[in-house]
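Text of query_30.cif (mmCIF, C-alpha atoms; chains and numbers go by the auth columns) as supplied:
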```
data_model
loop_
_atom_site.group_PDB
_atom_site.id
_atom_site.type_symbol
_atom_site.label_atom_id
_atom_site.label_comp_id
_atom_site.label_asym_id
_atom_site.label_seq_id
_atom_site.Cartn_x
_atom_site.Cartn_y
_atom_site.Cartn_z
_atom_site.B_iso_or_equiv
_atom_site.auth_seq_id
_atom_site.auth_asym_id
ATOM 1 C CA MET A 1 18.230 17.733 4.495 0.00 174 K
ATOM 2 C CA PRO A 2 14.942 17.597 2.559 0.00 175 K
ATOM 3 C CA LYS A 3 14.346 14.811 0.102 0.00 176 K
ATOM 4 C CA GLN A 4 13.482 15.555 -3.509 0.00 177 K
ATOM 5 C CA ILE A 5 11.364 13.193 -5.589 0.00 178 K
ATOM 6 C CA VAL A 6 12.666 12.547 -9.100 0.00 179 K
ATOM 7 C CA HIS A 7 10.321 11.727 -11.985 0.00 180 K
ATOM 8 C CA THR A 8 10.729 11.448 -15.738 0.00 181 K
ATOM 9 C CA ASP A 9 8.439 10.325 -18.545 0.00 182 K
ATOM 10 C CA ALA A 10 11.532 8.838 -20.238 0.00 183 K
ATOM 11 C CA ALA A 11 11.351 5.887 -17.820 0.00 184 K
ATOM 12 C CA PRO A 12 8.378 3.691 -16.880 0.00 185 K
ATOM 13 C CA LYS A 13 5.879 5.120 -14.424 0.00 186 K
ATOM 14 C CA ALA A 14 6.036 3.590 -10.970 0.00 187 K
ATOM 15 C CA ILE A 15 3.801 0.510 -10.857 0.00 188 K
ATOM 16 C CA GLY A 16 3.386 0.653 -7.108 0.00 189 K
ATOM 17 C CA THR A 17 3.726 2.874 -4.085 0.00 190 K
ATOM 18 C CA TYR A 18 7.226 4.174 -4.777 0.00 191 K
ATOM 19 C CA SER A 19 9.062 6.959 -6.598 0.00 192 K
ATOM 20 C CA GLN A 20 11.382 6.506 -9.586 0.00 193 K
ATOM 21 C CA ALA A 21 14.133 8.038 -7.453 0.00 194 K
ATOM 22 C CA VAL A 22 14.634 10.063 -4.306 0.00 195 K
ATOM 23 C CA ARG A 23 17.441 12.589 -3.935 0.00 196 K
ATOM 24 C CA CYS A 24 18.811 13.423 -0.497 0.00 197 K
ATOM 25 C CA GLY A 25 21.600 15.954 -0.793 0.00 198 K
ATOM 26 C CA GLN A 26 24.179 14.594 -3.217 0.00 199 K
ATOM 27 C CA THR A 27 22.905 11.005 -2.975 0.00 200 K
ATOM 28 C CA VAL A 28 20.172 9.669 -5.253 0.00 201 K
ATOM 29 C CA TYR A 29 18.430 6.353 -4.611 0.00 202 K
ATOM 30 C CA LEU A 30 17.075 4.938 -7.882 0.00 203 K
ATOM 31 C CA ALA A 31 14.187 2.500 -7.596 0.00 204 K
ATOM 32 C CA GLY A 32 14.525 -0.894 -9.214 0.00 205 K
ATOM 33 C CA GLN A 33 13.892 -0.882 -12.941 0.00 206 K
ATOM 34 C CA ILE A 34 12.591 -3.794 -14.955 0.00 207 K
ATOM 35 C CA GLY A 35 12.438 -4.142 -18.730 0.00 208 K
ATOM 36 C CA LEU A 36 9.304 -2.069 -19.263 0.00 209 K
ATOM 37 C CA ASP A 37 9.144 0.146 -22.315 0.00 210 K
ATOM 38 C CA PRO A 38 8.286 3.603 -20.929 0.00 211 K
ATOM 39 C CA GLN A 39 5.932 4.435 -23.821 0.00 212 K
ATOM 40 C CA SER A 40 3.848 1.252 -23.924 0.00 213 K
ATOM 41 C CA MET A 41 4.458 0.077 -20.317 0.00 214 K
ATOM 42 C CA GLU A 42 4.850 -3.409 -21.818 0.00 215 K
ATOM 43 C CA MET A 43 7.721 -5.766 -20.977 0.00 216 K
ATOM 44 C CA VAL A 44 10.286 -6.166 -23.759 0.00 217 K
ATOM 45 C CA ALA A 45 10.790 -9.789 -24.823 0.00 218 K
ATOM 46 C CA GLY A 46 13.894 -11.749 -23.877 0.00 219 K
ATOM 47 C CA VAL A 47 16.477 -11.415 -21.142 0.00 220 K
ATOM 48 C CA GLY A 48 19.050 -9.521 -23.266 0.00 221 K
ATOM 49 C CA PRO A 49 16.594 -6.865 -24.415 0.00 222 K
ATOM 50 C CA GLN A 50 15.293 -6.603 -20.831 0.00 223 K
ATOM 51 C CA VAL A 51 18.806 -5.922 -19.503 0.00 224 K
ATOM 52 C CA HIS A 52 19.345 -3.210 -22.140 0.00 225 K
ATOM 53 C CA ARG A 53 15.948 -1.656 -21.336 0.00 226 K
ATOM 54 C CA VAL A 54 16.737 -1.707 -17.599 0.00 227 K
ATOM 55 C CA PHE A 55 19.980 0.227 -18.148 0.00 228 K
ATOM 56 C CA GLN A 56 18.207 2.661 -20.481 0.00 229 K
ATOM 57 C CA ASN A 57 15.510 3.210 -17.845 0.00 230 K
ATOM 58 C CA LEU A 58 18.112 3.722 -15.111 0.00 231 K
ATOM 59 C CA GLN A 59 19.949 6.190 -17.343 0.00 232 K
ATOM 60 C CA ALA A 60 16.759 8.193 -17.929 0.00 233 K
ATOM 61 C CA VAL A 61 16.085 8.438 -14.188 0.00 234 K
ATOM 62 C CA ALA A 62 19.727 9.262 -13.421 0.00 235 K
ATOM 63 C CA ARG A 63 19.638 12.088 -15.965 0.00 236 K
ATOM 64 C CA ALA A 64 16.353 13.406 -14.549 0.00 237 K
ATOM 65 C CA ALA A 65 18.104 13.575 -11.170 0.00 238 K
ATOM 66 C CA GLY A 66 20.985 15.590 -12.605 0.00 239 K
ATOM 67 C CA GLY A 67 23.495 12.797 -13.137 0.00 240 K
ATOM 68 C CA ASP A 68 24.256 9.923 -15.472 0.00 241 K
ATOM 69 C CA LEU A 69 25.228 6.270 -15.287 0.00 242 K
ATOM 70 C CA LYS A 70 28.859 7.272 -14.632 0.00 243 K
ATOM 71 C CA ASP A 71 27.699 8.742 -11.302 0.00 244 K
ATOM 72 C CA ILE A 72 26.254 5.447 -10.039 0.00 245 K
ATOM 73 C CA VAL A 73 28.289 4.040 -7.155 0.00 246 K
ATOM 74 C CA LYS A 74 26.265 0.897 -6.342 0.00 247 K
ATOM 75 C CA LEU A 75 24.015 -1.462 -8.304 0.00 248 K
ATOM 76 C CA THR A 76 21.982 -4.399 -7.094 0.00 249 K
ATOM 77 C CA VAL A 77 21.010 -6.883 -9.803 0.00 250 K
ATOM 78 C CA TYR A 78 18.101 -9.234 -9.179 0.00 251 K
ATOM 79 C CA LEU A 79 17.863 -12.215 -11.552 0.00 252 K
ATOM 80 C CA THR A 80 15.335 -15.014 -11.780 0.00 253 K
ATOM 81 C CA ASP A 81 18.171 -17.114 -13.278 0.00 254 K
ATOM 82 C CA LEU A 82 21.703 -16.417 -12.052 0.00 255 K
ATOM 83 C CA GLY A 83 22.894 -18.204 -15.197 0.00 256 K
ATOM 84 C CA ASN A 84 22.146 -14.883 -16.949 0.00 257 K
ATOM 85 C CA LEU A 85 24.744 -12.972 -14.902 0.00 258 K
ATOM 86 C CA ALA A 86 27.411 -13.351 -17.619 0.00 259 K
ATOM 87 C CA LEU A 87 24.997 -11.727 -20.087 0.00 260 K
ATOM 88 C CA VAL A 88 24.335 -8.905 -17.613 0.00 261 K
ATOM 89 C CA ASN A 89 28.108 -8.383 -17.303 0.00 262 K
ATOM 90 C CA GLU A 90 28.500 -8.263 -21.082 0.00 263 K
ATOM 91 C CA ILE A 91 25.674 -5.762 -21.547 0.00 264 K
ATOM 92 C CA MET A 92 26.684 -3.713 -18.494 0.00 265 K
ATOM 93 C CA ALA A 93 30.117 -3.172 -20.079 0.00 266 K
ATOM 94 C CA THR A 94 28.396 -1.297 -22.938 0.00 267 K
ATOM 95 C CA TYR A 95 26.815 1.201 -20.503 0.00 268 K
ATOM 96 C CA PHE A 96 29.610 1.598 -17.910 0.00 269 K
ATOM 97 C CA ALA A 97 33.366 2.139 -18.100 0.00 270 K
ATOM 98 C CA ALA A 98 36.000 1.305 -15.504 0.00 271 K
ATOM 99 C CA PRO A 99 36.122 1.995 -12.680 0.00 272 K
ATOM 100 C CA TYR A 100 32.801 0.203 -12.375 0.00 273 K
ATOM 101 C CA PRO A 101 30.303 0.764 -9.566 0.00 274 K
ATOM 102 C CA ALA A 102 30.116 -1.657 -6.669 0.00 275 K
ATOM 103 C CA ARG A 103 27.559 -4.360 -7.367 0.00 276 K
ATOM 104 C CA ALA A 104 25.673 -7.258 -5.853 0.00 277 K
ATOM 105 C CA ALA A 105 23.806 -9.970 -7.762 0.00 278 K
ATOM 106 C CA VAL A 106 20.901 -11.754 -6.130 0.00 279 K
ATOM 107 C CA GLY A 107 18.941 -14.760 -7.368 0.00 280 K
ATOM 108 C CA VAL A 108 15.200 -14.390 -6.798 0.00 281 K
ATOM 109 C CA ALA A 109 12.185 -16.625 -7.377 0.00 282 K
ATOM 110 C CA SER A 110 10.191 -14.022 -9.292 0.00 283 K
ATOM 111 C CA LEU A 111 9.994 -10.336 -10.179 0.00 284 K
ATOM 112 C CA PRO A 112 7.132 -7.930 -10.988 0.00 285 K
ATOM 113 C CA ARG A 113 5.441 -8.397 -14.367 0.00 286 K
ATOM 114 C CA ALA A 114 7.353 -11.683 -14.872 0.00 287 K
ATOM 115 C CA ALA A 115 10.563 -9.732 -15.500 0.00 288 K
ATOM 116 C CA GLN A 116 13.774 -11.734 -15.710 0.00 289 K
ATOM 117 C CA VAL A 117 15.951 -8.939 -14.311 0.00 290 K
ATOM 118 C CA GLU A 118 15.567 -5.907 -12.055 0.00 291 K
ATOM 119 C CA ILE A 119 18.318 -3.473 -11.099 0.00 292 K
ATOM 120 C CA ASP A 120 18.310 -0.670 -8.547 0.00 293 K
ATOM 121 C CA ALA A 121 21.076 1.846 -7.941 0.00 294 K
ATOM 122 C CA ILE A 122 22.604 4.460 -5.695 0.00 295 K
ATOM 123 C CA MET A 123 24.090 7.514 -7.353 0.00 296 K
ATOM 124 C CA HIS A 124 26.368 10.183 -5.886 0.00 297 K
ATOM 125 C CA LEU A 125 26.473 13.636 -7.443 0.00 298 K
ATOM 126 C CA GLU A 126 29.389 16.024 -6.986 0.00 299 K
#
```
For the structure just supplied, provide its representation as structure tokens.
Amino acid sequence: MPKQIVHTDAAPKAIGTYSQAVRCGQTVYLAGQIGLDPQSMEMVAGVGPQVHRVFQNLQAVARAAGGDLKDIVKLTVYLTDLGNLALVNEIMATYFAAPYPARAAVGVASLPRAAQVEIDAIMHLE
């Protein structure tokens, strides 16, 4: 099954050697998103605004691939401070409804562009 590269100007351009998402059949692998504003390519200030921006960026890529956040089956959250996981949960509840996707949370030493959070996803389309 051929892979299809997904790109949208509604999410930040890739800042490395990767694609915003890759679709293989009904499965879409969304690259990690950080809190970059897609217009300015600048990081939004503060962990809460970064989490919101990350979900907005993921939503833009999901839509470009033919789906939406409701189609995401797995998220991986990378945090430079796991103490912010409760805030991620609170904000995530404004973008997702039960049943929620599977999720892992990982504490990391640092992220690109000094981001405080990065989230990648796997989406399944019907």
Could you please give me, as JSON, numbers by chain, the residues of protein, DNA or RNA lying at most 10 Å from (24.5, 7.8, -16.4) in the coordinate frame of the file, considering only C-alpha atoms? {"K": [228, 229, 231, 232, 233, 234, 235, 236, 239, 240, 241, 242, 243, 244, 245, 268, 269, 296]}
Using Å and a single decimal, report how far atom CA of K:Cys197 sits from atom CA of K:Pro175. 6.5 Å
Polymer residues at most 9 Å from K:Pro211, all atoms listed in the file, same-chain spacing of 5 or more positions, as a PyMOL selection string: chain K and resi 182-186+230
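For the structure shown here, the set of residues caught by the PyMOL selection byres ((chain K and resi 280) around 10) is Val250, Tyr251, Leu252, Thr253, Asp254, Leu255, Gly256, Leu258, Ala278, Val279, Val281, Ala282, Ser283 and Val290 of chain K.
Residues lying within 9 Å of (14.9, -8.2, -15.0). Counted over only C-alpha atoms, they are Gln206, Ile207, Gly208, Val220, Gln223, Val224, Val227, Val250, Tyr251, Leu252, Thr253, Leu284, Pro285, Ala287, Ala288, Gln289, Val290, Glu291 and Ile292 of chain K.
Residues surrounding K:Arg276 within 7 Å are Lys247, Leu248 and Thr249 of chain K [only C-alpha atoms; sequence separation below 3 positions excluded].
Take atom CA of K:Ala294 and atom CA of K:Asp210: the distance between them is 18.8 Å.
Between K:Gly221 and the candidates K:Ile188, K:Val246, K:Ala238, K:Leu260, the tightest atom-to-atom separation, counting all atoms listed in the file, involves K:Leu260.
With distances restricted to only C-alpha atoms, K:Pro274 is the closest residue to K:His297 from K:Pro274, K:Ala266, K:Gln193, K:Gln177.
The coordinates place atom CA of K:Val195 at 25.9 Å from atom CA of K:Ile264.
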Using all atoms listed in the file, pick whichever of K:Val179, K:Met265, K:Arg196, K:Ala271 has the shortest atom-to-atom distance to K:Arg226. K:Met265
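Distances here use only C-alpha atoms; by that measure, the residue among K:Ala259, K:Met216, K:Ala194, K:Ala237 closest to K:Thr181 is K:Ala237.
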